[in-house]
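Reproduced below: my_file-v6.txt, with compact mmCIF, C-alpha atoms and all ligand atoms.
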# COMPACT_ATOMS: atom_id res chain seq x y z
CA MET A 1 2.16 6.69 -15.67
CA SER A 2 4.37 9.66 -14.87
CA VAL A 3 6.17 11.56 -17.69
CA LEU A 4 8.53 13.29 -15.29
CA PRO A 5 12.30 12.85 -15.71
CA PRO A 6 13.93 10.10 -13.62
CA ARG A 7 14.58 11.03 -9.97
CA SER A 8 13.23 14.56 -10.54
CA ILE A 9 10.90 14.51 -7.50
CA ALA A 10 12.61 14.22 -4.11
CA VAL A 11 10.29 12.58 -1.59
CA VAL A 12 11.76 13.29 1.84
CA LEU A 13 10.48 11.10 4.69
CA GLY A 14 11.72 9.44 7.86
CA THR A 15 8.98 7.58 9.73
CA ARG A 16 6.55 4.68 9.47
CA PRO A 17 3.40 6.77 8.84
CA GLU A 18 5.14 8.68 6.05
CA LEU A 19 6.11 5.41 4.36
CA ILE A 20 2.50 4.23 4.63
CA LYS A 21 0.95 7.43 3.32
CA LEU A 22 3.42 8.14 0.52
CA THR A 23 3.74 4.63 -0.95
CA GLU A 24 0.95 5.05 -3.50
CA LEU A 25 2.27 8.45 -4.66
CA ILE A 26 5.80 7.02 -5.00
CA ARG A 27 4.38 4.10 -6.98
CA LEU A 28 2.52 6.48 -9.31
CA LEU A 29 5.62 8.65 -9.79
CA GLY A 30 7.61 5.54 -10.74
CA PRO A 31 11.23 6.27 -11.74
CA ALA A 32 10.61 10.01 -11.22
CA ALA A 33 10.59 9.50 -7.44
CA HIS A 34 13.83 9.82 -5.50
CA VAL A 35 13.02 8.65 -1.97
CA VAL A 36 15.24 10.19 0.71
CA HIS A 37 14.92 8.60 4.18
CA THR A 38 16.33 10.69 7.02
CA GLY A 39 16.53 7.72 9.39
CA GLN A 40 14.28 9.42 12.00
CA HIS A 41 12.76 5.95 12.53
CA TYR A 42 15.71 3.56 12.41
CA ASP A 43 14.27 0.45 14.09
CA ASP A 44 13.94 -2.27 11.42
CA ASP A 45 10.31 -2.91 12.47
CA LEU A 46 9.46 0.73 11.61
CA SER A 47 11.66 1.33 8.57
CA GLY A 48 13.62 -1.41 6.70
CA ARG A 49 10.99 -4.15 7.06
CA PHE A 50 8.32 -1.61 6.16
CA ILE A 51 10.11 -0.42 3.01
CA ALA A 52 10.36 -4.04 1.84
CA GLU A 53 6.71 -4.77 2.70
CA MET A 54 5.48 -1.71 0.82
CA GLY A 55 7.61 -2.61 -2.23
CA LEU A 56 9.29 0.81 -2.20
CA PRO A 57 12.48 1.55 -4.15
CA GLU A 58 15.71 1.62 -2.13
CA PRO A 59 15.91 5.09 -0.54
CA THR A 60 18.94 7.32 -0.19
CA TYR A 61 19.59 7.21 3.57
CA LEU A 62 20.85 10.12 5.63
CA THR A 63 23.01 9.28 8.65
CA GLY A 64 23.32 10.28 12.30
CA VAL A 65 19.67 11.38 12.69
CA GLY A 66 17.70 8.60 14.48
CA GLY A 67 17.44 8.82 18.25
CA GLU A 68 18.84 12.36 18.40
CA PRO A 69 17.07 15.36 19.96
CA ARG A 70 14.76 17.25 17.61
CA ALA A 71 17.14 20.16 16.92
CA VAL A 72 19.98 17.76 16.09
CA GLN A 73 17.71 15.71 13.80
CA LEU A 74 16.75 18.88 11.95
CA ALA A 75 20.31 20.20 11.71
CA ARG A 76 21.86 16.93 10.51
CA SER A 77 19.07 16.21 8.03
CA LEU A 78 19.21 19.75 6.68
CA GLU A 79 22.96 19.66 6.15
CA GLN A 80 22.81 16.37 4.25
CA LEU A 81 19.77 17.39 2.20
CA ASP A 82 21.56 20.63 1.33
CA SER A 83 24.43 18.69 -0.14
CA LEU A 84 22.11 16.25 -1.99
CA PHE A 85 20.13 19.12 -3.50
CA THR A 86 23.33 20.96 -4.45
CA ASP A 87 24.70 17.92 -6.28
CA VAL A 88 21.49 17.12 -8.15
CA PRO A 89 18.69 19.70 -7.67
CA PRO A 90 15.27 18.03 -7.93
CA SER A 91 12.42 19.73 -9.80
CA ALA A 92 10.19 19.51 -6.71
CA VAL A 93 10.30 18.27 -3.13
CA VAL A 94 7.42 16.37 -1.52
CA VAL A 95 6.97 16.05 2.24
CA GLN A 96 4.07 14.58 4.18
CA GLY A 97 2.62 15.39 7.59
CA ASP A 98 4.39 16.86 10.56
CA THR A 99 7.59 14.98 11.33
CA ASN A 100 11.10 16.35 11.82
CA ALA A 101 11.98 14.69 8.50
CA ALA A 102 9.20 16.63 6.77
CA LEU A 103 10.30 19.94 8.28
CA ALA A 104 13.93 19.31 7.31
CA GLY A 105 12.82 18.50 3.74
CA ALA A 106 10.75 21.69 3.65
CA LEU A 107 13.61 23.87 4.90
CA ALA A 108 16.07 22.33 2.43
CA ALA A 109 13.66 22.88 -0.49
CA ASN A 110 13.13 26.47 0.62
CA ALA A 111 16.86 27.15 0.93
CA HIS A 112 17.37 25.92 -2.63
CA GLY A 113 14.34 27.64 -4.15
CA ILE A 114 12.85 24.27 -5.11
CA PRO A 115 9.03 24.08 -5.23
CA LEU A 116 7.67 22.33 -2.14
CA VAL A 117 4.52 20.20 -2.04
CA HIS A 118 3.06 19.46 1.41
CA VAL A 119 0.88 16.36 1.56
CA GLU A 120 -1.60 16.47 4.46
CA ALA A 121 -1.45 20.25 4.93
CA GLY A 122 -3.67 22.26 7.24
CA LEU A 123 -4.03 19.91 10.21
CA ARG A 124 -4.11 21.83 13.48
CA SER A 125 -4.35 20.62 17.07
CA HIS A 126 -3.75 24.18 18.39
CA ASP A 127 -1.69 22.43 21.06
CA ARG A 128 1.63 24.26 21.29
CA ALA A 129 3.01 21.56 23.58
CA MET A 130 3.27 19.22 20.56
CA PRO A 131 6.42 19.53 18.44
CA GLU A 132 4.36 18.16 15.53
CA GLU A 133 2.09 21.23 15.70
CA HIS A 134 5.09 23.52 15.24
CA ASN A 135 6.42 21.34 12.42
CA ARG A 136 3.15 21.38 10.49
CA VAL A 137 2.62 25.13 10.87
CA LEU A 138 6.19 25.83 9.70
CA ILE A 139 5.91 23.47 6.72
CA ASP A 140 2.62 25.09 5.67
CA ARG A 141 4.32 28.51 5.76
CA LEU A 142 7.02 27.27 3.39
CA ALA A 143 5.00 25.10 0.99
CA ASP A 144 4.16 26.22 -2.55
CA VAL A 145 1.38 23.66 -2.96
CA LEU A 146 -0.60 22.67 0.13
CA CYS A 147 -2.55 19.44 -0.30
CA ALA A 148 -5.37 19.72 2.23
CA ALA A 149 -6.98 16.38 3.02
CA THR A 150 -10.37 17.73 4.10
CA PRO A 151 -12.44 20.94 3.82
CA GLU A 152 -11.64 21.54 7.53
CA ASN A 153 -7.91 21.43 6.76
CA ARG A 154 -8.37 23.85 3.88
CA ALA A 155 -10.40 26.20 6.13
CA ASN A 156 -7.57 26.18 8.71
CA LEU A 157 -5.12 27.32 6.04
CA LEU A 158 -7.38 30.05 4.68
CA THR A 159 -8.02 31.33 8.22
CA GLU A 160 -4.25 31.68 8.63
CA GLY A 161 -4.04 33.75 5.45
CA VAL A 162 -2.65 31.15 3.03
CA PRO A 163 -3.82 32.22 -0.45
CA LEU A 164 -6.46 29.93 -1.92
CA SER A 165 -4.32 29.58 -5.08
CA ARG A 166 -1.75 27.58 -3.11
CA VAL A 167 -4.26 25.14 -1.58
CA GLU A 168 -5.48 21.96 -3.29
CA LEU A 169 -8.24 19.82 -1.75
CA THR A 170 -6.92 16.33 -2.51
CA GLY A 171 -8.21 13.99 0.20
CA ASN A 172 -5.89 12.03 2.45
CA THR A 173 -3.60 9.42 0.90
CA VAL A 174 -4.29 7.11 3.85
CA VAL A 175 -7.55 6.03 2.19
CA GLU A 176 -5.83 4.42 -0.79
CA ALA A 177 -3.11 3.04 1.51
CA VAL A 178 -5.78 1.13 3.44
CA HIS A 179 -7.53 -0.04 0.27
CA ARG A 180 -4.26 -1.35 -1.15
CA GLN A 181 -2.84 -2.88 2.04
CA LEU A 182 -5.91 -4.46 3.66
CA PRO A 183 -5.55 -8.21 3.07
CA GLU A 184 -8.36 -10.36 1.71
CA PRO A 185 -10.62 -12.03 4.35
CA ALA A 186 -8.82 -15.43 4.25
CA GLU A 187 -5.45 -13.81 5.07
CA ARG A 188 -7.06 -11.62 7.74
CA PHE A 189 -8.71 -14.52 9.53
CA ALA A 190 -5.53 -16.60 9.31
CA HIS A 191 -3.74 -13.77 11.10
CA LEU A 192 -6.44 -13.62 13.79
CA ASP A 193 -6.16 -17.40 14.21
CA ARG A 194 -2.40 -17.21 14.76
CA LEU A 195 -3.00 -14.88 17.70
CA GLY A 196 -5.94 -16.93 19.03
CA LEU A 197 -8.42 -14.12 18.33
CA VAL A 198 -11.96 -14.18 17.03
CA GLU A 199 -13.79 -11.56 14.97
CA ASP A 200 -15.20 -8.73 17.15
CA GLY A 201 -13.78 -10.46 20.22
CA TYR A 202 -10.76 -8.29 21.10
CA VAL A 203 -9.43 -4.77 21.45
CA LEU A 204 -6.42 -3.53 19.43
CA ALA A 205 -4.31 -0.85 21.12
CA THR A 206 -1.29 1.30 20.15
CA VAL A 207 0.55 3.79 22.37
CA HIS A 208 3.62 5.71 21.27
CA ARG A 209 3.21 9.48 21.69
CA PRO A 210 5.75 11.13 24.01
CA GLU A 211 2.90 12.81 25.96
CA ASN A 212 1.82 9.28 26.98
CA THR A 213 5.11 7.34 27.03
CA ASP A 214 7.39 9.94 28.60
CA ASP A 215 5.01 10.87 31.41
CA PRO A 216 5.13 7.93 33.87
CA ALA A 217 1.73 8.87 35.37
CA ALA A 218 0.05 8.86 31.94
CA LEU A 219 1.78 5.63 30.91
CA HIS A 220 0.78 3.95 34.17
CA ALA A 221 -2.84 5.13 33.82
CA ILE A 222 -3.13 3.80 30.25
CA LEU A 223 -1.55 0.42 31.01
CA THR A 224 -3.70 0.05 34.14
CA GLU A 225 -6.90 0.62 32.15
CA LEU A 226 -5.81 -1.74 29.36
CA ALA A 227 -4.85 -4.42 31.91
CA ALA A 228 -8.28 -4.09 33.60
CA LEU A 229 -9.99 -4.39 30.22
CA ALA A 230 -7.97 -7.53 29.43
CA ARG A 231 -9.80 -9.29 32.28
CA THR A 232 -12.93 -9.31 30.10
CA LEU A 233 -11.57 -9.66 26.55
CA PRO A 234 -8.16 -9.96 24.86
CA VAL A 235 -6.25 -6.70 24.39
CA VAL A 236 -3.57 -6.83 21.67
CA LEU A 237 -0.79 -4.25 22.03
CA PRO A 238 1.88 -4.16 19.29
CA LEU A 239 4.62 -2.50 21.30
CA HIS A 240 6.37 0.51 19.73
CA PRO A 241 10.12 0.51 20.56
CA ARG A 242 9.85 3.83 22.43
CA THR A 243 6.97 2.55 24.55
CA ARG A 244 8.80 -0.69 25.34
CA ALA A 245 11.88 1.26 26.45
CA ARG A 246 9.85 3.62 28.65
CA ILE A 247 7.88 0.76 30.26
CA GLU A 248 11.08 -1.11 31.09
CA HIS A 249 12.77 2.05 32.38
CA ALA A 250 9.77 2.90 34.60
CA GLY A 251 9.58 -0.70 35.94
CA MET A 252 6.00 -1.18 34.67
CA ALA A 253 6.53 -4.42 32.73
CA GLY A 254 4.22 -6.25 35.18
CA LEU A 255 1.25 -4.30 33.80
CA LEU A 256 1.81 -5.95 30.42
CA ALA A 257 1.22 -9.48 31.77
CA PRO A 258 -2.55 -9.63 31.03
CA LEU A 259 -2.09 -8.15 27.53
CA THR A 260 -1.26 -9.87 24.23
CA ILE A 261 2.02 -8.16 23.37
CA THR A 262 3.50 -8.31 19.87
CA ARG A 263 6.34 -6.60 18.02
CA PRO A 264 5.25 -3.65 15.87
CA LEU A 265 3.20 -5.30 13.11
CA GLY A 266 3.58 -4.92 9.37
CA HIS A 267 0.89 -2.69 7.91
CA ARG A 268 -1.10 -5.55 6.36
CA ASP A 269 -1.17 -7.48 9.62
CA PHE A 270 -2.09 -4.36 11.57
CA LEU A 271 -4.98 -3.55 9.23
CA ALA A 272 -6.19 -7.16 9.38
CA LEU A 273 -6.45 -6.93 13.17
CA ALA A 274 -7.92 -3.42 13.06
CA ARG A 275 -10.62 -4.52 10.60
CA HIS A 276 -12.06 -7.13 12.96
CA ALA A 277 -11.43 -5.53 16.37
CA ALA A 278 -14.46 -4.79 18.53
CA LEU A 279 -12.73 -1.52 19.34
CA LEU A 280 -9.38 0.24 18.97
CA VAL A 281 -7.60 2.30 21.60
CA SER A 282 -4.80 4.49 20.27
CA ASP A 283 -2.88 7.76 20.45
CA SER A 284 -1.83 7.50 16.79
CA GLY A 285 -2.77 10.08 14.19
CA GLY A 286 -2.91 7.62 11.30
CA VAL A 287 -5.09 5.16 13.20
CA GLN A 288 -7.69 7.93 13.70
CA GLU A 289 -7.96 8.10 9.92
CA GLU A 290 -7.76 4.38 9.21
CA VAL A 291 -10.72 3.47 11.47
CA THR A 292 -12.93 5.67 9.29
CA VAL A 293 -12.01 3.59 6.23
CA LEU A 294 -12.37 0.29 8.11
CA GLY A 295 -15.59 1.29 9.90
CA ARG A 296 -14.41 0.53 13.44
CA PRO A 297 -14.90 2.50 16.68
CA LEU A 298 -11.87 4.07 18.37
CA VAL A 299 -11.04 5.60 21.72
CA VAL A 300 -8.26 8.17 21.25
CA VAL A 301 -6.15 8.57 24.35
CA ARG A 302 -4.69 12.06 24.04
CA ASN A 303 -5.23 15.57 25.31
CA SER A 304 -5.97 17.03 21.88
CA THR A 305 -6.45 15.99 18.28
CA GLU A 306 -5.74 17.58 14.92
CA ARG A 307 -8.27 15.25 13.30
CA PRO A 308 -11.71 16.45 14.44
CA GLU A 309 -13.23 14.79 11.35
CA ALA A 310 -12.76 11.38 13.01
CA MET A 311 -14.45 12.52 16.23
CA ALA A 312 -17.86 13.15 14.69
CA GLU A 313 -18.79 9.46 14.40
CA PHE A 314 -15.87 7.08 14.74
CA ALA A 315 -13.78 8.20 17.69
CA THR A 316 -13.99 9.46 21.28
CA LEU A 317 -11.19 11.61 22.71
CA VAL A 318 -10.14 11.04 26.35
CA SER A 319 -7.11 11.88 28.48
CA PRO A 320 -5.24 9.05 30.25
CA GLY A 321 -7.04 7.99 33.45
CA PRO A 322 -10.22 6.19 34.58
CA GLN A 323 -12.17 8.04 31.87
CA LEU A 324 -10.33 5.84 29.37
CA GLY A 325 -11.88 2.70 30.86
CA GLU A 326 -15.30 4.38 30.98
CA ALA A 327 -15.12 5.44 27.31
CA VAL A 328 -13.99 1.94 26.28
CA ARG A 329 -16.83 0.24 28.17
CA HIS A 330 -19.36 2.68 26.74
CA ARG A 331 -18.16 2.10 23.16
CA LEU A 332 -18.10 -1.68 23.63
CA ARG A 333 -21.68 -1.66 24.97
CA GLN A 334 -22.80 -0.11 21.66
CA GLY A 335 -22.00 -3.51 20.13
CA PRO A 336 -22.42 -4.96 16.61
CA ALA A 337 -25.22 -2.61 15.52
CA GLU A 338 -22.97 0.41 16.00
CA ARG A 339 -20.08 -1.28 14.17
CA ALA A 340 -22.40 -2.05 11.26
CA ARG A 341 -23.50 1.60 11.22
CA LEU A 342 -19.90 2.83 11.18
CA GLU A 343 -19.04 0.42 8.34
CA SER A 344 -21.80 1.98 6.25
CA LEU A 345 -20.48 5.55 6.65
CA PRO A 346 -18.10 7.13 4.13
CA SER A 347 -14.65 8.16 5.39
CA PRO A 348 -14.38 11.92 5.93
CA PHE A 349 -10.76 11.68 4.75
CA GLY A 350 -11.31 11.15 1.05
CA ASP A 351 -12.19 8.89 -1.84
CA GLY A 352 -8.96 6.97 -2.44
CA LEU A 353 -7.74 9.22 -5.26
CA ALA A 354 -5.58 11.69 -3.31
CA SER A 355 -2.27 10.20 -4.51
CA ALA A 356 -3.41 10.30 -8.14
CA ARG A 357 -4.41 13.97 -7.75
CA ILE A 358 -1.05 14.83 -6.18
CA ALA A 359 0.92 12.97 -8.89
CA ALA A 360 -1.06 14.86 -11.54
CA LEU A 361 -0.46 18.24 -9.93
CA LEU A 362 3.27 17.51 -9.60
CA THR A 363 3.47 16.61 -13.31
CA HIS A 364 1.59 19.78 -14.23
CA MET A 365 3.69 21.97 -11.93
CA VAL A 366 7.02 20.69 -13.23
CA ALA A 367 5.90 21.00 -16.87
CA GLU A 368 4.69 24.58 -16.26
CA ARG A 369 7.96 25.62 -14.65
CA ALA A 370 10.00 24.05 -17.45
CA ALA A 371 8.02 26.17 -19.91
CA GLU A 372 8.78 29.44 -18.03
CA PRO A 373 11.33 31.57 -19.99
CA ALA A 374 14.10 31.43 -17.31
CA HIS A 375 13.84 27.65 -17.08
CA ALA A 376 13.44 27.13 -20.81
CA GLU A 377 16.69 29.07 -21.45
CA ALA A 378 18.57 27.10 -18.81
CA ALA A 379 17.32 23.77 -20.18
N1 LIG B 401 0.86 0.64 12.33
C1 LIG B 401 1.45 -0.52 11.84
N2 LIG B 401 1.85 -1.47 12.74
C2 LIG B 401 1.68 -1.33 14.09
C3 LIG B 401 1.07 -0.14 14.57
C4 LIG B 401 0.67 0.83 13.66
O1 LIG B 401 1.61 -0.69 10.64
O2 LIG B 401 2.05 -2.23 14.84
C5 LIG B 401 0.47 1.68 11.36
C6 LIG B 401 -0.95 2.14 11.45
O3 LIG B 401 -1.78 1.34 10.63
C7 LIG B 401 -0.86 3.57 10.93
C8 LIG B 401 0.55 3.99 11.27
O4 LIG B 401 1.25 2.81 11.63
O5 LIG B 401 -0.99 3.61 9.53
C9 LIG B 401 0.55 4.98 12.37
O6 LIG B 401 1.85 5.26 12.71
P1 LIG B 401 2.22 5.92 14.10
O7 LIG B 401 1.15 5.61 15.08
O8 LIG B 401 3.62 5.54 14.38
O9 LIG B 401 2.29 7.48 13.76
P2 LIG B 401 1.21 8.63 13.71
O10 LIG B 401 0.15 8.23 12.76
O11 LIG B 401 0.72 8.86 15.10
O12 LIG B 401 1.99 9.81 13.22
Please re-express this file's structure in structure tokens.
Ligand code: UDP
Amino acid sequence: MSVLPPRSIAVVLGTRPELIKLTELIRLLGPAAHVVHTGQHYDDDLSGRFIAEMGLPEPTYLTGVGGEPRAVQLARSLEQLDSLFTDVPPSAVVVQGDTNAALAGALAANAHGIPLVHVEAGLRSHDRAMPEEHNRVLIDRLADVLCAATPENRANLLTEGVPLSRVELTGNTVVEAVHRQLPEPAERFAHLDRLGLVEDGYVLATVHRPENTDDPAALHAILTELAALARTLPVVLPLHPRTRARIEHAGMAGLLAPLTITRPLGHRDFLALARHAALLVSDSGGVQEEVTVLGRPLVVVRNSTERPEAMAEFATLVSPGPQLGEAVRHRLRQGPAERARLESLPSPFGDGLASARIAALLTHMVAERAAEPAHAEAA
């Protein structure tokens, strides 16, 4: 249980993966957490419904951010965070990952001289075409405590000259998120039943990255390969709002006909399907981590990845095109023996205690600062 003062830790977030990966830390911080949601994801399926499902406290919402270009998202979030932090300065700010919300939170903390903790620091795709790569590099420059999920992430930071004293090897909070959110077998199989699926008898796919959705050729190539695959076994595609909009705009809705299309799923339902899929196909960052906890094979459809740890055993990286179908067929041919082998491997992303480590270091950091002469006098 946290001994920090109420609402003393501002947790700034704005998207579905941040909600998933910060829930356990927010739970451990208890009343000390003040959750600030920038509204970067504003669709109810990706924010409101998720906040309720995760049992999170009601956030303070920023306005006018969702759906805007990146620079506008940053500017509007920063202005509102500036005023929040002026009214009631938190003792520390926590951001996670590489979103615009995280960068805005980092900049606001920096402008106010508030200690900044970056959860999931040190990931690098080295792909300068990705806005997320710029966000994560900038946040790591600003952060006072960098919570590296893996030794590879820590090595990236040290190579860039970040002092070792600022880096903590914590593990990735996704591990405990999966442990907490994965339903028991009866609930999982009931969910499969509702969709007419059987264990190991379907593929689960997600597509939402701009490099795939905003490039009609890439989007067409991915949907064509998934549609071809659906001739041999069911392919479930929970459709992200951006992907749905791009498919409709590009007139490609016909390619969805052979697929089992759903709304974006709640995390529990998604994990239930992921746990029993013969294979996953995805461009998501979080899914690359989750398959290593669930012990499932994955084909990552992207040009680069910032998660090489998943590639060693669990995942295969391919660009959109016929090579996607080839990689899928190859992975499926490996069959139940390979899935059993993957299930027996430990996740390279941690041991399920990352959130507890981060809560402890926040408590320690705030107590230490309060004891410093300047802060003690002011108190
Ligand atoms: N996810 C979910 N429902 C879905 C699809 C994905 O709950 O229908 C979860 C998934 O388990 C993972 C997270 O959303 O934890 C990934 O989010 P997303 O792919 O939007 O972002 P990324 O991880 O690529 O930043």
Counting all atoms listed in the file, name the residues that have an atom within 7 Å of an atom of ligand LIG 401 (chain B); the answer should be given as a ChimeraX atom specification. /A:16-17,20,206,208,238-239,263-267,270-271,283-287,290
Got time to write the residues from that selection, C-alpha atoms, as a JSON list (two decimals), keeping the file's coordinate frame?
[["chain", "number", "residue", "atom", "x", "y", "z"],
["A", 16, "ARG", "CA", 6.55, 4.68, 9.47],
["A", 17, "PRO", "CA", 3.40, 6.77, 8.84],
["A", 20, "ILE", "CA", 2.50, 4.23, 4.63],
["A", 206, "THR", "CA", -1.29, 1.30, 20.15],
["A", 208, "HIS", "CA", 3.62, 5.71, 21.27],
["A", 238, "PRO", "CA", 1.88, -4.16, 19.29],
["A", 239, "LEU", "CA", 4.62, -2.50, 21.30],
["A", 263, "ARG", "CA", 6.34, -6.60, 18.02],
["A", 264, "PRO", "CA", 5.25, -3.65, 15.87],
["A", 265, "LEU", "CA", 3.20, -5.30, 13.11],
["A", 266, "GLY", "CA", 3.58, -4.92, 9.37],
["A", 267, "HIS", "CA", 0.89, -2.69, 7.91],
["A", 270, "PHE", "CA", -2.09, -4.36, 11.57],
["A", 271, "LEU", "CA", -4.98, -3.55, 9.23],
["A", 283, "ASP", "CA", -2.88, 7.76, 20.45],
["A", 284, "SER", "CA", -1.83, 7.50, 16.79],
["A", 285, "GLY", "CA", -2.77, 10.08, 14.19],
["A", 286, "GLY", "CA", -2.91, 7.62, 11.30],
["A", 287, "VAL", "CA", -5.09, 5.16, 13.20],
["A", 290, "GLU", "CA", -7.76, 4.38, 9.21]]
Report as a compact mmCIF listing (two decimals) with C-alpha atoms, keeping the file's coordinate frame all protein, DNA and RNA residues lying within 12 Å of Thr363 (chain A), evaluated on only C-alpha atoms, omitting residues in the same chain fewer than 6 positions from it.
# COMPACT_ATOMS: atom_id res chain seq x y z
CA MET A 1 2.16 6.69 -15.67
CA SER A 2 4.37 9.66 -14.87
CA VAL A 3 6.17 11.56 -17.69
CA LEU A 4 8.53 13.29 -15.29
CA PRO A 5 12.30 12.85 -15.71
CA SER A 8 13.23 14.56 -10.54
CA ILE A 9 10.90 14.51 -7.50
CA LEU A 25 2.27 8.45 -4.66
CA LEU A 28 2.52 6.48 -9.31
CA LEU A 29 5.62 8.65 -9.79
CA ALA A 32 10.61 10.01 -11.22
CA ALA A 33 10.59 9.50 -7.44
CA SER A 91 12.42 19.73 -9.80
CA ALA A 92 10.19 19.51 -6.71
CA VAL A 117 4.52 20.20 -2.04
CA ALA A 356 -3.41 10.30 -8.14
CA ARG A 357 -4.41 13.97 -7.75
CA ARG A 369 7.96 25.62 -14.65
CA ALA A 370 10.00 24.05 -17.45
Might you pull out every residue within 7 Å of Ala108 (chain A), with all atoms listed in the file counted and same-chain residues fewer than 3 positions away left off, and present them as a PyMOL selection string? chain A and resi 78+81-82+104-105+111-112
Compute the distance from (7.2, 0.9, 17.0) to each atom, counting only C-alpha atoms, keep the residues with any atom at most 6 Å away, and return them as a ChimeraX atom specification; use the coordinates of the file. /A:46,240-241,264
Could you give me, as a PyMOL selection string, the residues within 6 Å of region 62-74 of chain A, counting only C-alpha atoms and dropping anything in the same chain fewer than 4 positions from it? chain A and resi 38-42+78+104
What does the file look like for those residues with C-alpha atoms, as a PDB file, keeping the file's coordinate frame?
ATOM      1  CA  THR A  38      16.330  10.690   7.020  1.00  0.00           C
ATOM      2  CA  GLY A  39      16.530   7.720   9.390  1.00  0.00           C
ATOM      3  CA  GLN A  40      14.280   9.420  12.000  1.00  0.00           C
ATOM      4  CA  HIS A  41      12.760   5.950  12.530  1.00  0.00           C
ATOM      5  CA  TYR A  42      15.710   3.560  12.410  1.00  0.00           C
ATOM      6  CA  LEU A  78      19.210  19.750   6.680  1.00  0.00           C
ATOM      7  CA  ALA A 104      13.930  19.310   7.310  1.00  0.00           C
TER       8      ALA A 104
END
Skip Leu256 (chain A) itself and residues of its chain fewer than 6 positions away, then list as a ChimeraX atom specification all residues within 12 Å of it, counting only C-alpha atoms. /A:219-220,222-230,235-239,243-244,247-248,262
Would you pick out the contacts of Ile51 (chain A) at 10 Å or less, using only C-alpha atoms, so that residues sharing its chain but fewer than 5 positions from it are not included, and give the list as a tab-separated table (two decimals) with C-alpha atoms, keeping the file's coordinate frame?
chain	number	residue	atom	x	y	z
A	16	ARG	CA	6.55	4.68	9.47
A	19	LEU	CA	6.11	5.41	4.36
A	20	ILE	CA	2.50	4.23	4.63
A	23	THR	CA	3.74	4.63	-0.95
A	44	ASP	CA	13.94	-2.27	11.42
A	45	ASP	CA	10.31	-2.91	12.47
A	46	LEU	CA	9.46	0.73	11.61
A	56	LEU	CA	9.29	0.81	-2.20
A	57	PRO	CA	12.48	1.55	-4.15
A	58	GLU	CA	15.71	1.62	-2.13
A	59	PRO	CA	15.91	5.09	-0.54
Grab the CA of Ala360 (chain A) to CA of Val12 (chain A) distance for me, in Å with one decimal place. 18.6 Å
Using all atoms listed in the file, which residue out of A:Arg141, A:Arg27, A:His179, A:Arg268 lies closest to Glu53 (chain A)? A:Arg268
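Each of A:Leu273, A:Val88, A:Ile261, A:Leu107 was compared to Ile139 (chain A) using all atoms listed in the file, and A:Leu107 turns out to be the nearest.
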May I have the protein, DNA and RNA residues with an atom at most 7 Å from (10.7, 14.9, -2.5), counting only C-alpha atoms in the file's coordinates, returned as an mmCIF file with C-alpha atoms, in the frame of the given file?
data_model
loop_
_atom_site.group_PDB
_atom_site.id
_atom_site.type_symbol
_atom_site.label_atom_id
_atom_site.label_comp_id
_atom_site.auth_asym_id
_atom_site.auth_seq_id
_atom_site.Cartn_x
_atom_site.Cartn_y
_atom_site.Cartn_z
ATOM 1 C CA ILE A 9 10.900 14.510 -7.500
ATOM 2 C CA ALA A 10 12.610 14.220 -4.110
ATOM 3 C CA VAL A 11 10.290 12.580 -1.590
ATOM 4 C CA VAL A 12 11.760 13.290 1.840
ATOM 5 C CA HIS A 34 13.830 9.820 -5.500
ATOM 6 C CA VAL A 35 13.020 8.650 -1.970
ATOM 7 C CA ALA A 92 10.190 19.510 -6.710
ATOM 8 C CA VAL A 93 10.300 18.270 -3.130
ATOM 9 C CA VAL A 94 7.420 16.370 -1.520
ATOM 10 C CA VAL A 95 6.970 16.050 2.240
#
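CA of Gly122 (chain A) is found 27.0 Å from CA of Gly30 (chain A).
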Per residue of region 89-206 of chain A within 12 Å of region 325-337 of chain A, what are the shortest atom pair and its distance in Å to one decimal, counting only C-alpha atoms, with rows by chain and residue number, as CSV?
residue,atom,partner,partner_atom,distance
A:Glu199,CA,A:Pro336,CA,11.0
A:Asp200,CA,A:Pro336,CA,8.2
A:Gly201,CA,A:Leu332,CA,10.4
A:Tyr202,CA,A:Leu332,CA,10.2
A:Val203,CA,A:Val328,CA,9.4
A:Leu204,CA,A:Val328,CA,11.6
A:Ala205,CA,A:Val328,CA,11.3
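Pairwise distance (CA of Val36 (chain A), CA of Gly97 (chain A)) equals 15.3 Å.
Residue nearest Ala274 (chain A) within the list A:Leu182, A:Leu342, A:Val207, A:Ala217: A:Leu182 [criterion: smallest interatomic distance, only C-alpha atoms].
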